[in-house]
file run_4.cif (mmCIF, C-alpha atoms (C1' of nucleotides))
data_data
#
loop_
_atom_site.label_atom_id
_atom_site.label_comp_id
_atom_site.auth_asym_id
_atom_site.auth_seq_id
_atom_site.Cartn_x
_atom_site.Cartn_y
_atom_site.Cartn_z
CA MET A 1 -6.52 6.41 14.39
CA ARG A 2 -7.03 3.06 16.10
CA SER A 3 -10.05 4.23 18.07
CA ARG A 4 -11.42 6.08 15.04
CA LEU A 5 -11.22 2.98 12.89
CA LEU A 6 -12.72 0.77 15.58
CA ASN A 7 -15.48 3.29 16.09
CA ILE A 8 -16.31 3.23 12.38
CA PHE A 9 -16.23 -0.55 12.45
CA ASP A 10 -18.60 -0.71 15.42
CA ARG A 11 -21.07 1.65 13.79
CA LEU A 12 -21.03 -0.21 10.51
CA LEU A 13 -21.43 -3.56 12.24
CA HIS A 14 -24.33 -2.23 14.30
CA ALA A 15 -25.98 -0.72 11.24
CA PHE A 16 -25.56 -3.54 8.78
CA GLY A 17 -24.86 -6.60 10.88
CA PRO A 18 -22.21 -9.20 10.03
CA ARG A 19 -21.83 -9.72 6.28
CA TYR A 20 -20.74 -13.40 6.52
CA TRP A 21 -18.09 -13.06 3.82
CA TRP A 22 -16.86 -14.46 1.53
CA PRO A 23 -19.90 -15.92 -0.24
CA GLY A 24 -18.68 -19.40 -1.17
CA ASP A 25 -19.05 -23.01 -0.08
CA SER A 26 -15.35 -23.87 -0.08
CA PRO A 27 -11.89 -22.27 -0.11
CA LEU A 28 -11.60 -23.18 -3.80
CA GLU A 29 -14.88 -21.43 -4.61
CA VAL A 30 -13.66 -18.37 -2.73
CA ALA A 31 -10.35 -18.32 -4.58
CA VAL A 32 -12.07 -18.79 -7.94
CA GLY A 33 -14.50 -16.00 -7.07
CA ALA A 34 -11.60 -13.71 -6.16
CA ILE A 35 -10.18 -14.11 -9.66
CA LEU A 36 -13.51 -13.91 -11.44
CA THR A 37 -14.58 -10.73 -9.66
CA GLN A 38 -11.65 -8.70 -10.99
CA ASN A 39 -13.19 -5.47 -12.30
CA THR A 40 -16.54 -7.22 -12.49
CA ALA A 41 -19.89 -6.91 -10.74
CA TRP A 42 -20.47 -9.77 -8.30
CA GLY A 43 -23.78 -10.70 -9.93
CA ASN A 44 -21.95 -11.69 -13.08
CA VAL A 45 -19.45 -13.71 -11.05
CA GLU A 46 -22.31 -15.63 -9.44
CA LYS A 47 -23.53 -16.69 -12.85
CA ALA A 48 -20.08 -17.90 -13.83
CA ILE A 49 -19.70 -19.82 -10.56
CA ALA A 50 -23.13 -21.38 -11.05
CA ASN A 51 -21.96 -22.51 -14.49
CA LEU A 52 -18.82 -24.00 -12.96
CA LYS A 53 -20.86 -25.88 -10.35
CA GLU A 54 -23.26 -27.16 -12.94
CA ALA A 55 -20.34 -28.42 -15.00
CA GLY A 56 -18.80 -30.01 -11.88
CA MET A 57 -15.76 -27.83 -12.37
CA LEU A 58 -15.28 -26.50 -8.84
CA ASP A 59 -12.67 -29.14 -8.24
CA MET A 60 -8.90 -28.86 -8.42
CA ASP A 61 -8.43 -31.95 -10.57
CA LYS A 62 -11.19 -30.95 -12.98
CA LEU A 63 -9.87 -27.44 -13.30
CA ARG A 64 -6.42 -28.75 -14.00
CA ALA A 65 -7.72 -31.14 -16.63
CA ILE A 66 -10.04 -28.86 -18.57
CA ASP A 67 -8.61 -26.92 -21.51
CA GLN A 68 -8.48 -23.16 -21.30
CA VAL A 69 -10.92 -22.49 -24.15
CA SER A 70 -13.61 -24.73 -22.64
CA LEU A 71 -13.08 -23.12 -19.24
CA ALA A 72 -13.41 -19.66 -20.78
CA ASP A 73 -16.75 -20.64 -22.28
CA ILE A 74 -18.06 -21.75 -18.88
CA ILE A 75 -17.07 -18.54 -17.11
CA ARG A 76 -18.21 -16.27 -19.94
CA PRO A 77 -20.80 -14.30 -17.87
CA ALA A 78 -18.02 -12.97 -15.62
CA GLY A 79 -16.51 -10.99 -18.47
CA PHE A 80 -12.84 -10.92 -19.54
CA PHE A 81 -13.42 -14.64 -19.81
CA ARG A 82 -10.33 -15.44 -21.90
CA VAL A 83 -7.87 -13.77 -19.55
CA LYS A 84 -9.66 -15.06 -16.48
CA ALA A 85 -9.59 -18.63 -17.78
CA LYS A 86 -5.85 -18.27 -18.21
CA ARG A 87 -5.54 -16.84 -14.70
CA LEU A 88 -7.57 -19.66 -13.17
CA LYS A 89 -5.38 -22.20 -14.91
CA SER A 90 -2.26 -20.41 -13.68
CA PHE A 91 -3.58 -20.47 -10.11
CA VAL A 92 -4.51 -24.15 -10.22
CA GLU A 93 -1.13 -25.04 -11.68
CA PHE A 94 0.55 -23.08 -8.89
CA VAL A 95 -1.37 -24.95 -6.18
CA GLU A 96 -0.46 -28.22 -7.82
CA ARG A 97 3.19 -27.34 -8.20
CA GLU A 98 3.84 -25.68 -4.84
CA HIS A 99 1.24 -27.24 -2.54
CA GLY A 100 0.52 -30.68 -3.96
CA GLY A 101 -2.79 -29.59 -5.45
CA VAL A 102 -4.37 -29.20 -2.01
CA LEU A 103 -5.62 -25.68 -1.35
CA GLU A 104 -5.87 -26.14 2.42
CA ARG A 105 -2.21 -27.11 2.52
CA MET A 106 -1.37 -23.52 1.60
CA LYS A 107 -2.31 -22.55 5.17
CA GLU A 108 0.84 -24.25 6.39
CA THR A 109 2.98 -21.68 4.61
CA GLN A 110 3.91 -18.44 6.37
CA THR A 111 1.65 -15.58 5.29
CA GLY A 112 4.34 -13.31 3.86
CA THR A 113 5.88 -16.13 1.87
CA LEU A 114 2.49 -17.20 0.59
CA ARG A 115 1.61 -13.66 -0.45
CA SER A 116 4.83 -13.39 -2.43
CA GLN A 117 4.09 -16.71 -4.09
CA LEU A 118 0.58 -15.61 -5.04
CA LEU A 119 1.82 -12.30 -6.44
CA GLY A 120 4.21 -14.27 -8.62
CA ILE A 121 1.30 -15.90 -10.42
CA ASN A 122 0.31 -14.20 -13.66
CA GLY A 123 -3.04 -12.52 -13.15
CA ILE A 124 -2.89 -12.40 -9.35
CA GLY A 125 -2.35 -8.86 -8.10
CA PRO A 126 -2.44 -7.47 -4.55
CA GLU A 127 -6.22 -7.46 -4.11
CA THR A 128 -6.76 -10.93 -5.49
CA ALA A 129 -3.84 -12.33 -3.47
CA ASP A 130 -5.08 -10.75 -0.24
CA SER A 131 -8.67 -11.85 -0.88
CA ILE A 132 -7.47 -15.43 -1.23
CA LEU A 133 -5.29 -15.13 1.88
CA LEU A 134 -8.04 -13.68 4.06
CA TYR A 135 -11.24 -15.21 2.79
CA ALA A 136 -10.06 -18.59 1.52
CA LEU A 137 -7.18 -19.28 3.90
CA ASP A 138 -8.12 -17.33 7.06
CA LYS A 139 -4.87 -15.37 7.08
CA PRO A 140 -4.99 -12.00 8.92
CA VAL A 141 -4.46 -9.70 5.92
CA PHE A 142 -6.52 -6.57 5.24
CA VAL A 143 -8.01 -6.56 1.76
CA VAL A 144 -8.04 -3.26 -0.09
CA ASP A 145 -10.20 -2.56 -3.10
CA ALA A 146 -11.57 0.41 -5.03
CA TYR A 147 -14.22 0.90 -2.36
CA THR A 148 -11.62 1.01 0.41
CA ILE A 149 -9.59 3.65 -1.43
CA ARG A 150 -12.72 5.71 -2.06
CA PHE A 151 -13.79 5.36 1.57
CA LEU A 152 -10.44 6.58 2.92
CA LYS A 153 -10.43 9.57 0.60
CA ASN A 154 -14.01 10.62 1.09
CA HIS A 155 -13.88 10.33 4.85
CA GLY A 156 -10.65 12.19 5.33
CA LEU A 157 -8.70 9.20 6.62
CA HIS A 158 -6.13 9.66 3.87
CA GLU A 159 -5.30 12.79 1.95
CA GLY A 160 -5.70 12.36 -1.76
CA THR A 161 -5.91 8.91 -3.26
CA ALA A 162 -4.16 6.23 -1.25
CA THR A 163 -2.12 3.55 -2.98
CA TYR A 164 -2.94 -0.07 -2.23
CA GLU A 165 0.00 -0.36 0.14
CA GLU A 166 -0.82 2.88 1.94
CA ALA A 167 -4.42 1.87 2.47
CA GLN A 168 -3.49 -1.60 3.65
CA SER A 169 -0.86 -0.41 6.10
CA LEU A 170 -3.27 2.18 7.51
CA PHE A 171 -5.60 -0.59 8.63
CA MET A 172 -3.00 -3.19 9.53
CA LYS A 173 -0.82 -0.77 11.46
CA HIS A 174 -3.61 0.55 13.64
CA LEU A 175 -5.94 -2.40 14.07
CA PRO A 176 -5.35 -5.57 16.06
CA VAL A 177 -4.16 -8.37 13.80
CA ASP A 178 -7.39 -10.32 13.70
CA THR A 179 -8.70 -12.38 10.81
CA HIS A 180 -12.32 -12.00 11.85
CA LEU A 181 -12.01 -8.22 12.27
CA PHE A 182 -10.30 -7.81 8.89
CA ASN A 183 -12.92 -10.03 7.28
CA GLU A 184 -15.89 -8.09 8.62
CA PHE A 185 -14.38 -4.64 8.24
CA HIS A 186 -13.64 -5.02 4.55
CA ALA A 187 -17.00 -6.61 3.87
CA LEU A 188 -18.78 -3.80 5.73
CA LEU A 189 -16.89 -1.15 3.76
CA VAL A 190 -17.96 -2.81 0.52
CA HIS A 191 -21.56 -2.93 1.72
CA LEU A 192 -21.44 0.73 2.77
CA CYS A 193 -20.04 1.88 -0.54
CA GLN A 194 -22.37 -0.26 -2.63
CA LYS A 195 -25.33 1.16 -0.76
CA PHE A 196 -24.37 4.79 -0.44
CA CYS A 197 -21.29 5.58 -2.49
CA LYS A 198 -22.17 4.24 -5.89
CA THR A 199 -20.84 7.09 -7.97
CA LYS A 200 -17.14 7.55 -8.27
CA PRO A 201 -14.94 9.24 -7.41
CA LEU A 202 -17.12 10.85 -4.74
CA CYS A 203 -19.90 9.32 -2.69
CA SER A 204 -21.90 12.48 -2.26
CA ASN A 205 -24.72 10.81 -0.36
CA CYS A 206 -22.54 8.68 1.87
CA PRO A 207 -23.89 8.98 5.43
CA LEU A 208 -20.45 8.59 7.00
CA GLN A 209 -19.00 11.63 5.29
CA ALA A 210 -16.76 13.61 7.62
CA ASP A 211 -18.52 16.90 7.00
CA LYS A 212 -21.83 15.49 8.12
CA ARG A 213 -21.26 15.22 11.81
CA THR A 214 -24.66 14.02 12.78
CA ARG A 215 -27.22 12.39 10.66
CA ARG A 216 -29.67 9.54 10.73
CA TRP A 217 -31.10 7.68 7.86
CA LYS A 218 -33.73 5.07 7.51
CA GLY A 219 -32.17 1.69 6.98
CA GLN A 220 -33.34 -0.43 4.10
CA GLY A 221 -33.95 -4.14 4.10
CA ASN A 222 -32.33 -5.66 7.14
CA ASP A 223 -30.19 -2.64 7.86
CA ARG A 224 -30.94 -0.73 11.00
CA ASP A 225 -30.85 3.01 11.52
CA ILE A 226 -27.36 4.21 12.26
CA ASP A 227 -26.02 7.03 14.36
CA VAL A 228 -23.25 9.04 12.84
CA ALA A 229 -21.98 11.20 15.64
"C1'" DG B 1 -26.12 4.49 -25.63
"C1'" DA B 2 -23.01 5.53 -21.84
"C1'" DC B 3 -21.26 4.26 -17.70
"C1'" DC B 4 -19.88 1.20 -14.17
"C1'" DA B 5 -18.44 -3.10 -11.71
"C1'" DG B 6 -14.97 -6.15 -5.18
"C1'" DG B 7 -8.06 -5.81 -11.34
"C1'" DC B 8 -4.21 -6.89 -13.73
"C1'" DA B 9 -0.55 -7.05 -17.29
"C1'" DC B 10 1.81 -4.86 -20.61
"C1'" DA B 11 3.40 -1.07 -23.68
"C1'" DT B 12 4.93 3.43 -23.93
"C1'" DC B 13 6.84 7.70 -22.56
"C1'" DG C 1 7.79 5.82 -12.07
"C1'" DA C 2 3.52 7.41 -14.20
"C1'" DT C 3 0.05 6.93 -17.55
"C1'" DG C 4 -2.74 4.62 -21.12
"C1'" DT C 5 -4.87 0.57 -23.02
"C1'" DG C 6 -6.86 -4.11 -23.70
"C1'" DC C 7 -9.55 -7.49 -21.69
"C1'" DA C 8 -15.80 -8.38 -22.09
"C1'" DT C 9 -20.18 -9.34 -19.88
"C1'" DG C 10 -24.44 -7.61 -17.85
"C1'" DG C 11 -27.08 -4.21 -14.99
"C1'" DT C 12 -28.67 0.59 -14.51
#
call {"tool": "encode", "arguments": {"input": "run_4.cif", "output": "structure tokens"}}
result
Amino acid sequence: MRSRLLNIFDRLLHAFGPRYWWPGDSPLEVAVGAILTQNTAWGNVEKAIANLKEAGMLDMDKLRAIDQVSLADIIRPAGFFRVKAKRLKSFVEFVEREHGGVLERMKETQTGTLRSQLLGINGIGPETADSILLYALDKPVFVVDAYTIRFLKNHGLHEGTATYEEAQSLFMKHLPVDTHLFNEFHALLVHLCQKFCKTKPLCSNCPLQADKRTRRWKGQGNDRDIDVA
DNA sequence: GACCAGGCACATC
DNA sequence: GATGTGCATGGT
């Protein structure tokens, strides 16, 4: 499984190149994006983040000071704006309470402990917690999302539909514990699925499908051709 | 107009 | 423990 996963990673990296995730100028922006992107297309999140920047709100003190209703109005384009405003406030209050309001200080806490803390925040589930750990705090945790689950199922790496924990342990058990590897691998899987596996539950045109042993396709944009042997 | 998008909490059975 | 539902905007 280790060599199979690394082989898939190498092919994806060669085909698509590094994805340079997570898109964000600071750990706070990454964490905010992780909450805003819950069940939401990234394009809508970008609009909400642009609104936050314009309002000067990508700042721990400002986020703590602003009232929830005003915050909701700013992040409206991201959808579910009332619940997400509440979740952002819960997160900011947590950082203030447990880590002195300094996001970077969270890195000093052991990963497992930090993950438990994050999961204790209302509105932070496994994916959001792991996204914050990996992409905002550089902790070696593999992020699982709907794309990852779909990928594992459609490519025969897991029978049936994997749970979050099953999917995560599959990667973390077989791959070297490496923040950079986990970062790129997840980002590449998202890119693959967004490009070729748009329909759920099956990605019928996905070029990495197990039953298509060899195939080439013309890359689009900056993507190169890829061998699927 | 229907469906989907980088979830999560809560109610119900 | 498993399943259903509410949360809401914007693109296709």
call {"tool": "atom_distance", "arguments": {"input": "run_4.cif", "atom1": "atom CA of A:Asn51", "atom2": "atom CA of A:Val144"}}
result
27.8 Å
call {"tool": "interface_residues", "arguments": {"input": "run_4.cif", "of": "chain C", "to": "chain A", "cutoff": "8 Å", "atoms": "all atoms listed in the file", "output": "PDB file with C-alpha atoms (C1' of nucleotides), in the frame of the given file"}}
result
ATOM      1  C1'  DC C   7      -9.550  -7.490 -21.690  1.00  0.00           C
ATOM      2  C1'  DA C   8     -15.800  -8.380 -22.090  1.00  0.00           C
ATOM      3  C1'  DT C   9     -20.180  -9.340 -19.880  1.00  0.00           C
ATOM      4  C1'  DG C  10     -24.440  -7.610 -17.850  1.00  0.00           C
TER       5       DG C  10
END
call {"tool": "interface_residues", "arguments": {"input": "run_4.cif", "of": "chain A", "to": "chain B", "cutoff": "8 Å", "atoms": "all atoms listed in the file", "output": "list in words"}}
result
Thr37, Gln38, Asn39, Thr40, Ala41, Trp42, Gly123, Ile124, Gly125, Glu127, Thr128, Asp145, Ala146, Tyr147 and Val190 of chain A
call {"tool": "atom_distance", "arguments": {"input": "run_4.cif", "atom1": "atom CA of A:Leu5", "atom2": "atom CA of A:Pro126"}}
result
22.1 Å
call {"tool": "atom_distance", "arguments": {"input": "run_4.cif", "atom1": "atom CA of A:Arg2", "atom2": "atom CA of A:His174"}}
result
4.9 Å
call {"tool": "residues_around", "arguments": {"input": "run_4.cif", "residues": "A:Thr161", "least_positions_apart": "5", "cutoff": "10 Å", "atoms": "only C-alpha atoms (C1' of nucleotides)", "output": "PyMOL selection string"}}
result
chain A and resi 149-154+166-167+201
